[in-house]
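Below you'll find the structure, written out as structure tokens, and then a few comments.
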Amino acid sequence: MASQRGILDFVYEHEAAHADRVFLTQPVGGGRVVDTTWGQTLAQARRMAAHLQAQGLPRGAKVAILSKNCTHFFIAELAIWIGGYTTVAIFPTETAEVVNFVLEHSEASLLFVGKLDSWEAQKPGVPAALPRIALPLAPDSAQEEYETWDEIVARSKPLGGRPKRSGDELAMLIYTSGSTGRPKGVMSTFDAITAAGKGFAEFTREQTGMRSETGRVISYLPLAHSFERSCVEASSLVDGNMHVYFSDSLATFVQDVQRARPTVFISVPRLWLKFQHGVFAKMPPAKLERLLGIPIVGRLVKKKVLAGLGLAHVRYAGSGSAPLPPDLIRWYRRLGLKLYEGYGMTEDNSYSHVSWGEFSEPGWVGVPQKGVEARLDPSGEILIKSPGRCSGYYKDPELTKESFTEDGFFRTGDLGERRPNGMLKITGRAKELFKTAKGKYVAPAPIENLLNVNPMIEMSMVSGVGQSAAYAIVVLSEELRPRLGDAAVRADVERELGQLLDRVNAKVAEYEQLRMLVVAREPWSIEAGTLTPTMKIRRSRIESAVAPQVQSWYGKKGQVLWA
């Protein structure tokens, strides 16, 4: 059934009801920020929408945004929607090759160039004839070469009224981050993104207990991904009473979070682990544990730790995108942070499962969100039917047909367990399962979780297709890596990793036990192509890179090897 009120209807209501309320806060360097009210947001969006229409673009034309999170990402998307078009957002860390693929595949008619770190390297991927507009925080070279947002807005008259978009019109093409193969264009309608935004907005209000107060959130995970797009952007557009802050840079991130004082904070496993390791770098785990056990001192320590992370005001903290180690959830909850895991994917606008209250057992991702149906097929694959469900893959009807059951459930590719009360546990990804020479299938994610919770380890990957036993490659923590030149430190690390391997092997089945831990030569990164833009490991890339060495590893003695 089509939505009675679409996401733009909510936006127009906020424009009329509280035009002077600050909606977006953007750092611009040197500790300075620029606040943008709802009235200013829509005034700019309406002017840019009128400009887009003046270019003669047909209704539904694809308009791309290549930018890090910023105020004008939100406003540009609203301009695209109000003008009658479809957004194609590109991850700001993508290579020129991927930028070119997305722009060509989507048939983009125009590109907004925004806040970027690698524009000169990405620029060759933009078709020469494609029109471009530079957003306010775009690199200087883009501002000098292209028409700027401010110039266009200054001379354009605003598009009046309340332009409508029907629920079945295409709002967005979201290109997956491509952990394997080329990105796929996931088609999301206005009905779908409205349902996801409305669902997240209502859930957030319920869980924070803030019915009419102004909530605060910081937007820093990639807006080109559905997780941030739905949980932060769409929900704030529906809610109207959520103040969205942005981060200036990685170097200022902690200060940016402290400025925002978020009441809701969303992150991904790698960052939750990084935050914990940062705490441990200042206070050893044993000492912290001892202090937390002292009643009065423990309360003060909890407040100090959370304040140091900028999370002292958080009423609901969420994690998604990949599995979160259960022990890490328990650690944050002991500090007083209500950290819950959720589950979703691009194909359902990340609107699927969430934890809360009695449905919050560590290791489980919660229960279906309002309007979501879930079941397991005979193989254990999780099937989801969500109000945020996509309408398929752009230009790929065969893949679209393969990805849905006859009764409309999406085949997630994830394996899971379900309880009668709806609680869901992710046990692995079908495509990631591999078989060792023992003939048993190994699910890498649960073993990686056991490794990743250790403060020495930043990331890990379990593999071993066709080998006598599985192995794991580990990336040591950022704080530890510079000290490995010291022979004594290296020996200590090797000894502790060996002990970790013994502990992990004691917790898994015999056929899942690891033969060795291999310390990676270089950290994995988005730039190196070993992580996706959402910081998931690219298994095939890493496995291909180490393939020439694997056989020699099995011929060596010892539990810990150095790649």
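Following the order of the structure tokens, chains are lettered A, B, ..., residues in each are numbered from 1, and ligands are numbered from 1.
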
- Message: I want to know what sits within 12 Å of region 302-307 of chain A, based on only C-alpha atoms, with residues of the same chain fewer than 3 positions away left out; could you give that as a PyMOL selection string?
- Response: chain A and resi 254-255+257-259+261-262+275-276+278-280+282-283+288-289+291-299+310-314+331-338

Please dump the current selection as a JSON list (two decimals), in the first residue's frame; keep N, CA and C atoms.
[["chain", "number", "residue", "atom", "x", "y", "z"],
["A", 254, "VAL", "N", 36.91, 13.32, 17.70],
["A", 254, "VAL", "CA", 36.51, 13.30, 19.11],
["A", 254, "VAL", "C", 35.92, 14.65, 19.52],
["A", 255, "GLN", "N", 36.57, 15.74, 19.09],
["A", 255, "GLN", "CA", 36.04, 17.07, 19.40],
["A", 255, "GLN", "C", 34.68, 17.29, 18.76],
["A", 257, "VAL", "N", 32.43, 14.97, 18.10],
["A", 257, "VAL", "CA", 31.45, 14.21, 18.87],
["A", 257, "VAL", "C", 31.13, 14.93, 20.18],
["A", 258, "GLN", "N", 32.16, 15.44, 20.82],
["A", 258, "GLN", "CA", 31.95, 16.16, 22.09],
["A", 258, "GLN", "C", 31.11, 17.41, 21.88],
["A", 259, "ARG", "N", 31.27, 18.06, 20.73],
["A", 259, "ARG", "CA", 30.45, 19.23, 20.42],
["A", 259, "ARG", "C", 28.99, 18.82, 20.24],
["A", 261, "ARG", "N", 27.41, 16.19, 21.47],
["A", 261, "ARG", "CA", 26.80, 15.58, 22.65],
["A", 261, "ARG", "C", 25.62, 14.69, 22.23],
["A", 262, "PRO", "N", 25.87, 13.70, 21.33],
["A", 262, "PRO", "CA", 24.77, 12.93, 20.75],
["A", 262, "PRO", "C", 23.92, 12.21, 21.79],
["A", 275, "PHE", "N", 37.48, 2.38, 19.59],
["A", 275, "PHE", "CA", 37.22, 3.20, 20.77],
["A", 275, "PHE", "C", 37.69, 2.48, 22.03],
["A", 276, "GLN", "N", 37.36, 1.18, 22.12],
["A", 276, "GLN", "CA", 37.76, 0.40, 23.29],
["A", 276, "GLN", "C", 39.28, 0.33, 23.40],
["A", 278, "GLY", "N", 41.37, 2.45, 22.32],
["A", 278, "GLY", "CA", 41.86, 3.76, 22.73],
["A", 278, "GLY", "C", 41.76, 3.95, 24.24],
["A", 279, "VAL", "N", 40.68, 3.43, 24.83],
["A", 279, "VAL", "CA", 40.52, 3.49, 26.30],
["A", 279, "VAL", "C", 41.61, 2.65, 26.96],
["A", 280, "PHE", "N", 41.85, 1.45, 26.43],
["A", 280, "PHE", "CA", 42.86, 0.56, 27.01],
["A", 280, "PHE", "C", 44.27, 1.13, 26.87],
["A", 282, "LYS", "N", 45.05, 4.13, 27.36],
["A", 282, "LYS", "CA", 45.22, 5.08, 28.45],
["A", 282, "LYS", "C", 45.13, 4.41, 29.81],
["A", 283, "MET", "N", 44.39, 3.31, 29.87],
["A", 283, "MET", "CA", 44.22, 2.59, 31.13],
["A", 283, "MET", "C", 44.17, 1.09, 30.85],
["A", 288, "LEU", "N", 41.37, -0.97, 34.75],
["A", 288, "LEU", "CA", 40.01, -0.46, 34.54],
["A", 288, "LEU", "C", 38.99, -1.39, 35.21],
["A", 289, "GLU", "N", 39.16, -2.69, 35.03],
["A", 289, "GLU", "CA", 38.24, -3.66, 35.62],
["A", 289, "GLU", "C", 38.23, -3.56, 37.14],
["A", 291, "LEU", "N", 38.99, -0.88, 38.97],
["A", 291, "LEU", "CA", 38.36, 0.38, 39.39],
["A", 291, "LEU", "C", 36.84, 0.32, 39.24],
["A", 292, "LEU", "N", 36.38, -0.35, 38.18],
["A", 292, "LEU", "CA", 34.93, -0.45, 37.97],
["A", 292, "LEU", "C", 34.26, -1.27, 39.07],
["A", 293, "GLY", "N", 35.03, -2.11, 39.72],
["A", 293, "GLY", "CA", 34.48, -2.94, 40.80],
["A", 293, "GLY", "C", 34.34, -2.21, 42.12],
["A", 294, "ILE", "N", 34.87, -0.99, 42.22],
["A", 294, "ILE", "CA", 34.76, -0.19, 43.45],
["A", 294, "ILE", "C", 33.54, 0.74, 43.31],
["A", 295, "PRO", "N", 32.51, 0.59, 44.13],
["A", 295, "PRO", "CA", 31.23, 1.29, 43.92],
["A", 295, "PRO", "C", 31.32, 2.77, 43.56],
["A", 296, "ILE", "N", 31.86, 3.59, 44.43],
["A", 296, "ILE", "CA", 31.87, 5.04, 44.18],
["A", 296, "ILE", "C", 32.87, 5.38, 43.07],
["A", 297, "VAL", "N", 34.07, 4.83, 43.16],
["A", 297, "VAL", "CA", 35.10, 5.09, 42.15],
["A", 297, "VAL", "C", 34.63, 4.61, 40.78],
["A", 298, "GLY", "N", 33.98, 3.44, 40.75],
["A", 298, "GLY", "CA", 33.52, 2.87, 39.49],
["A", 298, "GLY", "C", 32.58, 3.80, 38.75],
["A", 299, "ARG", "N", 31.65, 4.44, 39.48],
["A", 299, "ARG", "CA", 30.71, 5.36, 38.84],
["A", 299, "ARG", "C", 31.44, 6.55, 38.23],
["A", 310, "GLY", "N", 33.06, 11.19, 24.24],
["A", 310, "GLY", "CA", 32.01, 12.08, 23.75],
["A", 310, "GLY", "C", 30.63, 11.46, 23.80],
["A", 311, "LEU", "N", 30.48, 10.37, 24.57],
["A", 311, "LEU", "CA", 29.22, 9.61, 24.56],
["A", 311, "LEU", "C", 28.46, 9.68, 25.88],
["A", 312, "ALA", "N", 28.76, 10.67, 26.69],
["A", 312, "ALA", "CA", 28.15, 10.76, 28.02],
["A", 312, "ALA", "C", 26.64, 11.01, 27.97],
["A", 313, "HIS", "N", 26.13, 11.57, 26.88],
["A", 313, "HIS", "CA", 24.71, 11.92, 26.79],
["A", 313, "HIS", "C", 23.90, 10.91, 25.96],
["A", 314, "VAL", "N", 24.56, 9.86, 25.49],
["A", 314, "VAL", "CA", 23.89, 8.90, 24.61],
["A", 314, "VAL", "C", 22.83, 8.10, 25.37],
["A", 331, "TRP", "N", 30.98, -5.10, 27.62],
["A", 331, "TRP", "CA", 31.95, -4.13, 28.14],
["A", 331, "TRP", "C", 31.36, -2.72, 28.12],
["A", 332, "TYR", "N", 30.76, -2.35, 27.00],
["A", 332, "TYR", "CA", 30.17, -1.01, 26.91],
["A", 332, "TYR", "C", 28.99, -0.85, 27.86],
["A", 333, "ARG", "N", 28.19, -1.89, 27.97],
["A", 333, "ARG", "CA", 27.05, -1.80, 28.88],
["A", 333, "ARG", "C", 27.51, -1.67, 30.32],
["A", 334, "ARG", "N", 28.63, -2.29, 30.64],
["A", 334, "ARG", "CA", 29.14, -2.15, 32.01],
["A", 334, "ARG", "C", 29.55, -0.70, 32.28],
["A", 335, "LEU", "N", 29.96, 0.00, 31.22],
["A", 335, "LEU", "CA", 30.31, 1.42, 31.37],
["A", 335, "LEU", "C", 29.06, 2.30, 31.48],
["A", 336, "GLY", "N", 27.90, 1.70, 31.23],
["A", 336, "GLY", "CA", 26.66, 2.48, 31.31],
["A", 336, "GLY", "C", 26.15, 2.92, 29.96],
["A", 337, "LEU", "N", 26.80, 2.48, 28.87],
["A", 337, "LEU", "CA", 26.34, 2.83, 27.54],
["A", 337, "LEU", "C", 25.38, 1.75, 27.04],
["A", 338, "LYS", "N", 24.18, 2.15, 26.66],
["A", 338, "LYS", "CA", 23.20, 1.20, 26.15],
["A", 338, "LYS", "C", 23.52, 0.90, 24.69]]

- Item | Long-range neighbours of Arg47 (chain A) as an NGL selection string, 12 Å cut-off, only C-alpha atoms, 2 positions minimum in chain | :A and (40-45 or 49-54 or 75-76 or 78-80 or 82-83 or 149-160)

Export N, CA, C and O atoms of the chosen residues as a short mmCIF file (atom, residue, chain, number, x, y, z; two decimals), in the first residue's frame?
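Saved the output as out.cif:
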data_model
loop_
_atom_site.label_atom_id
_atom_site.label_comp_id
_atom_site.auth_asym_id
_atom_site.auth_seq_id
_atom_site.Cartn_x
_atom_site.Cartn_y
_atom_site.Cartn_z
N GLN A 40 16.30 27.63 6.10
CA GLN A 40 17.44 27.82 5.20
C GLN A 40 17.70 26.58 4.36
O GLN A 40 18.07 26.67 3.18
N THR A 41 17.50 25.41 4.97
CA THR A 41 17.69 24.16 4.24
C THR A 41 16.77 24.09 3.03
O THR A 41 17.20 23.81 1.90
N LEU A 42 15.50 24.36 3.25
CA LEU A 42 14.53 24.26 2.15
C LEU A 42 14.66 25.42 1.17
O LEU A 42 14.41 25.24 -0.03
N ALA A 43 15.07 26.60 1.66
CA ALA A 43 15.26 27.72 0.74
C ALA A 43 16.33 27.39 -0.29
O ALA A 43 16.18 27.65 -1.50
N GLN A 44 17.43 26.80 0.18
CA GLN A 44 18.51 26.43 -0.76
C GLN A 44 18.08 25.27 -1.65
O GLN A 44 18.34 25.26 -2.86
N ALA A 45 17.42 24.27 -1.06
CA ALA A 45 17.01 23.10 -1.84
C ALA A 45 16.02 23.50 -2.94
O ALA A 45 16.11 23.00 -4.08
N ALA A 49 16.65 23.01 -6.85
CA ALA A 49 15.67 22.20 -7.59
C ALA A 49 15.20 22.95 -8.84
O ALA A 49 15.08 22.35 -9.92
N ALA A 50 14.96 24.25 -8.69
CA ALA A 50 14.53 25.06 -9.84
C ALA A 50 15.64 25.10 -10.90
O ALA A 50 15.36 25.03 -12.11
N HIS A 51 16.87 25.21 -10.47
CA HIS A 51 18.00 25.23 -11.41
C HIS A 51 18.09 23.90 -12.17
O HIS A 51 18.31 23.89 -13.39
N LEU A 52 17.93 22.79 -11.46
CA LEU A 52 17.99 21.48 -12.11
C LEU A 52 16.89 21.35 -13.16
O LEU A 52 17.13 20.85 -14.27
N GLN A 53 15.70 21.83 -12.83
CA GLN A 53 14.61 21.76 -13.79
C GLN A 53 14.90 22.64 -15.01
O GLN A 53 14.56 22.28 -16.14
N ALA A 54 15.59 23.77 -14.78
CA ALA A 54 15.92 24.68 -15.88
C ALA A 54 16.92 24.06 -16.86
O ALA A 54 17.06 24.54 -18.00
N ILE A 75 21.11 18.74 1.69
CA ILE A 75 20.36 19.74 0.93
C ILE A 75 20.34 19.38 -0.55
O ILE A 75 19.32 19.56 -1.23
N ALA A 76 21.45 18.88 -1.07
CA ALA A 76 21.50 18.48 -2.48
C ALA A 76 20.51 17.34 -2.75
O ALA A 76 19.82 17.32 -3.78
N LEU A 78 17.74 16.72 -1.11
CA LEU A 78 16.40 17.30 -1.11
C LEU A 78 16.11 18.04 -2.41
O LEU A 78 15.00 17.96 -2.96
N ALA A 79 17.12 18.74 -2.94
CA ALA A 79 16.94 19.45 -4.21
C ALA A 79 16.65 18.47 -5.34
O ALA A 79 15.79 18.71 -6.20
N ILE A 80 17.37 17.36 -5.35
CA ILE A 80 17.17 16.32 -6.36
C ILE A 80 15.74 15.78 -6.28
O ILE A 80 15.05 15.64 -7.28
N ILE A 82 13.01 17.14 -4.72
CA ILE A 82 12.00 18.17 -4.96
C ILE A 82 11.91 18.47 -6.45
O ILE A 82 10.83 18.73 -7.00
N GLY A 83 13.06 18.43 -7.14
CA GLY A 83 13.08 18.72 -8.57
C GLY A 83 12.44 17.63 -9.42
O GLY A 83 12.13 17.86 -10.59
N TRP A 149 27.69 25.93 -6.02
CA TRP A 149 26.35 25.89 -5.40
C TRP A 149 25.90 27.29 -5.02
O TRP A 149 24.77 27.69 -5.32
N ASP A 150 26.77 28.05 -4.33
CA ASP A 150 26.39 29.38 -3.84
C ASP A 150 26.03 30.32 -4.99
O ASP A 150 25.09 31.12 -4.88
N GLU A 151 26.77 30.26 -6.12
CA GLU A 151 26.46 31.11 -7.26
C GLU A 151 25.08 30.80 -7.83
O GLU A 151 24.29 31.70 -8.14
N ILE A 152 24.81 29.50 -7.95
CA ILE A 152 23.52 29.10 -8.53
C ILE A 152 22.36 29.46 -7.61
O ILE A 152 21.34 30.01 -8.05
N VAL A 153 22.51 29.18 -6.30
CA VAL A 153 21.45 29.48 -5.35
C VAL A 153 21.17 30.98 -5.28
O VAL A 153 20.01 31.41 -5.16
N ALA A 154 22.22 31.79 -5.39
CA ALA A 154 22.07 33.24 -5.28
C ALA A 154 21.24 33.82 -6.42
O ALA A 154 20.50 34.80 -6.23
N ARG A 155 21.33 33.22 -7.60
CA ARG A 155 20.63 33.80 -8.76
C ARG A 155 19.30 33.10 -9.09
O ARG A 155 18.54 33.59 -9.93
N SER A 156 19.02 31.97 -8.45
CA SER A 156 17.84 31.18 -8.81
C SER A 156 16.65 31.51 -7.91
O SER A 156 16.80 31.72 -6.71
N LYS A 157 15.47 31.54 -8.51
CA LYS A 157 14.25 31.71 -7.75
C LYS A 157 13.81 30.35 -7.21
O LYS A 157 13.94 29.34 -7.91
N PRO A 158 13.29 30.30 -5.99
CA PRO A 158 12.91 29.01 -5.41
C PRO A 158 11.70 28.39 -6.10
O PRO A 158 10.79 29.09 -6.55
N LEU A 159 11.71 27.08 -6.16
CA LEU A 159 10.56 26.33 -6.65
C LEU A 159 9.50 26.37 -5.56
O LEU A 159 9.75 25.99 -4.41
N GLY A 160 8.32 26.84 -5.88
CA GLY A 160 7.29 27.02 -4.86
C GLY A 160 6.43 25.79 -4.64
O GLY A 160 6.59 24.75 -5.29
#

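Remark: for Ala224 (chain A), the closest of the candidate residues A:Glu358, A:Asp117, A:Glu94, A:Asp140 is A:Glu94 (distances computed over only C-alpha atoms).
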
- Query: Using only C-alpha atoms, which of A:Val301, A:Val550, A:Ala430, A:Leu273 sits nearest Ile457 (chain A)?
  - Reply: A:Leu273

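Using only C-alpha atoms, the contacts of region 461-474 of chain A at a cut-off of 7 Å, with sequence neighbours closer than 5 positions omitted, comprise Phe434, Lys435, Thr436, Ala437, Lys438, Pro444, Glu448, Glu512, Gln513, Leu514, Arg515, Met516, Leu517, Val518, Val519 and Ala520 of chain A.
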
- Task: as JSON, numbers by chain, list the residues of region 262-482 of chain A assigned to strand (DSSP E) by DSSP on the backbone atoms of this structure.
- Result: {"A": [264, 265, 266, 267, 316, 317, 318, 319, 339, 340, 341, 342, 343, 353, 354, 367, 368, 373, 374, 375, 376, 381, 382, 383, 384, 385, 392, 393, 410, 411, 412, 413, 414, 415, 416, 417, 418, 424, 425, 426, 427, 428, 429, 434, 435, 441, 442, 457, 458, 459, 460, 461, 462, 463, 470, 471, 472, 473, 474, 475, 476]}

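Shortest separation to Leu476 (chain A) among A:Leu451, A:Ala488, A:Val186, A:Val63 occurs at residue A:Leu451, atoms counted being only C-alpha atoms.
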
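Residues within 10 Å of Val34 (chain A), counting only C-alpha atoms and excluding same-chain residues fewer than 6 positions away, are Leu24, Thr25, Gln26, Pro27, Val28 and Thr71 of chain A.
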
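Distances here use only C-alpha atoms; by that measure, the residue among A:Glu398, A:Glu107, A:Glu494, A:Glu13 closest to Thr87 (chain A) is A:Glu107.
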
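What separates CA of Pro323 (chain A) from CA of Val268 (chain A) is a distance of 8.8 Å.
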
- Task: Find the spatial neighbours of Gly167 (chain A), counting only C-alpha atoms, within a cut-off of 12 Å - ignore same-chain residues fewer than 5 positions away - and output them as a ChimeraX atom specification.
- Result: /A:1-9,188-195,387-388,391

- Message: I want to know what sits within 12 Å of His225 (chain A), based on only C-alpha atoms, with residues of the same chain fewer than 6 positions away left out; could you give that as a PyMOL selection string?
- Response: chain A and resi 68-69+88-92+172-178+183+185-186+219+231-233+320-321+344-350+532-535
